[in-house]
Amino acid sequence: MTETALPTPDTSLPRGMKTFLIIWLGELVSMIGSGLTGFALAVYIYQETGQATPFALTVLFGNLPALLLLPIAGSVADRFDRRWIMLLADCGAALTTLLVLILLFFGDLQIWHIYTLAFMGAVFGAFQEPAYTASTVMLVPKQQLARANGMVQMGQALSSIVTPLLAGFLFVAIGLSGIVIIDFVTFFFAIGALLSVRIPPPERTTGSTLQEGHMNNLLSDVAFGWQYLRVRSGLIGLLGYFAMVNFLLNFSAVLSSPLVLSNHPASVLGIVQMFVGLGMLAGGITLSIWGGPRQGRRIPLVIGFIGLAMIGLIVTGLRPGAVYISAGMFILLFMIPLASGLSQSVWQVKVAPDVQGRIFSIRAMLSRSMMPLAFLLAGPLADHVFEPLMRANGALANTFVGSLLGSGPGRGIGLIFVLSGLIGILVTGLVYRNRHIRNVEDELPDAVAEQPS
């Protein structure tokens with residue numbers, strides 16, 4: 001792919017894929033390091049507790065800051081240099097990893113420490129996300145946005161493939177402390193990449209409140225972001241759909257490790273996570289090569305891909321065998337990058353670049369608003385309701401449900417996966433019938449102009 005230079009009114013810096021690729025590669029190396037630690041800590045938590053609830057709580061603490069801080073972080077991303085925001089966020093995340101290493105060195109790592117450190121790391125991630133997302137449109141031509149978003153999904157997939165393969169070997173060879181050291185070192189790749197590039201600032205538009213004397217009023221930015229979305233009913237409806245999908249996906253996905261470990265050793269968890277990564281990689285590569293439809297609307301495709309992803313959720317829960325779980329997760333994670341990447345490219349085109357930090361942060365907050373509830377409910381419901389129902393002598397063991405899914409350890413979690421997938425398909429069908437959501441691309445004008453190749 002050749003680099004495309006795009007003129008900007010406020011800077012002579014070239015805009016194209018080169019800078020994006022440098023940042024992407026740095027973040028990829030850092031993600032692999034963080035994935036190693038995440039895998040090792042997941043095994044550590046299950047070995048220490050043997051329950052699903054600690055998994056759900058860890059994920060909750062790792063996502064709650066986004067809901068609390070994203071509106072502020074989006075305002076910061078629109079007001080200040082987005083490269084420096086990402087740099088500071090990476091430095092903060094590196095310090096959090098260093099704290100894990102210190103606790104391990106003194107032999108004092110406890111489960112509540114993991115909750116706290118997950119929360120701290122998520123705080124820095126909350127500021128990095130809108131800065132990174134809003135920077136993409138300043139670096140990549142409009143016609144290449146879907147491909148760039150596919151590469152972001154592909155990077156996450158590569159991390160998911162590499163980390164379980166490496167983590168299982170490294171956990172035996174160098175232990176948890178050695179893995180955390182590697183994680184700490186990888187942050188310097190992301191920091192170095194950001195130090196070596198510049199990100200051009202967006203041109204201010206007349207609709208931006210930053211030109212209207214509110215430089216010190218973060219609350220006005222939150223109000224601006226909400227008002228921006230409120231008058232665009234199709235986008236609001238889309239966010240409501242995404243909120244429900246995120247609830248269903250996370251209600252199940254947070255239990256994926258206990259689902260596997262309830263019947264298989266940690267080595268099988270690594271294999272399953274490898275198939276998760278392969279699915280994401282295949283989806284990311286497909287979108288990167290395809291680039292989305294040249295003509296026609298993308299939102300109907302987004303809805304269709306999500307519906308297909310729900311089938312993967314059902315397959316994952318059908319039986320306890322690793323083949324079912326791996327195949328279902330592959331289907332699920334193949335479809336998600338396609339849906340996410342196409343959706344992201346629509347938002348990047350429909351929202352003016354200088355307000356994307358605020359709008360994207362409000363979007364993320366609303367679409368994830370149901371996730372904490374999913375994390376809070378998933379563990380207790382799995383441990384105290386669904387797992388007892390599906391035990392060998394449970395209330396559902398000798399029913400049609402028990403005959404279909406089987407009974408015993410992990411089958412209650414399997415039932416959660418199946419129910420989530422079925423509800424997701426129903427919701428997807430209802431959303432497709434809403435013309436404002438389905439036709440949002442036709443109803444809203446583009447905010448980013450087409451650029452020459």
# chains A, B, ... in the order shown; residues from 1 in each chain; ligands from 1
>>> residues_around(residues="Val254 of chain A", least_positions_apart="6", cutoff="12 Å", atoms="only C-alpha atoms", output="JSON, numbers by chain")
{"A": [42, 52, 53, 54, 55, 56, 57, 58, 59, 60, 62, 63, 246, 247, 248, 260, 371, 372, 373, 374, 375, 376, 377, 378, 379, 382, 413, 416, 417]}
>>> residues_around(residues="Ser34 of chain A", least_positions_apart="5", cutoff="9 Å", atoms="only C-alpha atoms", output="ChimeraX atom specification")
/A:29,39,97,159,163,180,182-184,186-187
>>> select_by_dssp(residues="segment 129-338 of chain A", states="helix (DSSP H, G or I)", output="JSON, numbers by chain")
{"A": [129, 130, 131, 132, 133, 134, 135, 136, 137, 138, 139, 142, 143, 144, 145, 146, 147, 148, 149, 150, 151, 152, 153, 154, 155, 156, 157, 158, 159, 160, 161, 162, 163, 164, 165, 166, 167, 168, 169, 170, 171, 172, 173, 175, 176, 177, 178, 179, 180, 181, 182, 183, 184, 185, 186, 187, 188, 189, 190, 191, 192, 193, 194, 195, 209, 210, 211, 218, 219, 220, 221, 222, 223, 224, 225, 226, 227, 228, 229, 230, 233, 234, 235, 236, 237, 238, 239, 240, 241, 242, 243, 244, 245, 246, 247, 248, 249, 250, 251, 252, 253, 256, 257, 258, 259, 260, 261, 266, 267, 268, 269, 270, 271, 272, 273, 274, 275, 276, 277, 278, 279, 280, 281, 282, 283, 284, 285, 286, 287, 288, 289, 290, 299, 300, 301, 302, 303, 304, 305, 306, 307, 308, 309, 310, 311, 312, 313, 314, 315, 316, 317, 318, 322, 323, 324, 325, 326, 327, 328, 329, 330, 331, 332, 333, 334, 335, 336, 337, 338]}
>>> residues_around(residues="Gly277 of chain A", least_positions_apart="6", cutoff="12 Å", atoms="only C-alpha atoms", output="PyMOL selection string")
chain A and resi 32+35+153-165+270-271+283-285+326-327+329-334+336-337
>>> write_last_selection(atoms="C-alpha atoms", output="short mmCIF file (atom, residue, chain, number, x, y, z; two decimals), in the first residue's frame")
data_model
loop_
_atom_site.label_atom_id
_atom_site.label_comp_id
_atom_site.auth_asym_id
_atom_site.auth_seq_id
_atom_site.Cartn_x
_atom_site.Cartn_y
_atom_site.Cartn_z
CA ILE A 32 1.64 -8.81 23.68
CA GLY A 35 -1.41 -10.25 27.33
CA GLN A 153 -8.38 -5.57 15.24
CA MET A 154 -5.62 -7.65 13.65
CA GLY A 155 -3.12 -6.38 16.23
CA GLN A 156 -5.38 -7.47 19.04
CA ALA A 157 -5.72 -10.85 17.34
CA LEU A 158 -1.95 -11.30 16.97
CA SER A 159 -1.61 -10.57 20.66
CA SER A 160 -4.29 -13.16 21.45
CA ILE A 161 -2.47 -15.79 19.38
CA VAL A 162 1.05 -15.13 20.57
CA THR A 163 0.37 -14.61 24.26
CA PRO A 164 -1.18 -18.01 25.17
CA LEU A 165 1.53 -19.85 23.24
CA GLY A 270 -4.04 -21.66 25.94
CA ILE A 271 -5.25 -23.57 22.88
CA GLY A 283 -11.47 -11.16 10.77
CA GLY A 284 -8.92 -8.35 10.97
CA ILE A 285 -7.04 -9.54 7.89
CA SER A 326 -12.68 -23.36 20.18
CA ALA A 327 -14.95 -23.45 17.11
CA MET A 329 -15.00 -18.68 19.91
CA PHE A 330 -13.42 -18.65 16.44
CA ILE A 331 -16.78 -17.85 14.82
CA LEU A 332 -17.55 -15.20 17.44
CA LEU A 333 -14.20 -13.47 17.21
CA PHE A 334 -14.07 -13.66 13.40
CA ILE A 336 -16.57 -9.09 15.86
CA PRO A 337 -13.61 -7.38 14.08
#
>>> closest_residue(among="A:Gln110, A:Gln144, A:Leu194, A:Thr19", to="Asp90 of chain A", atoms="only C-alpha atoms")
A:Leu194
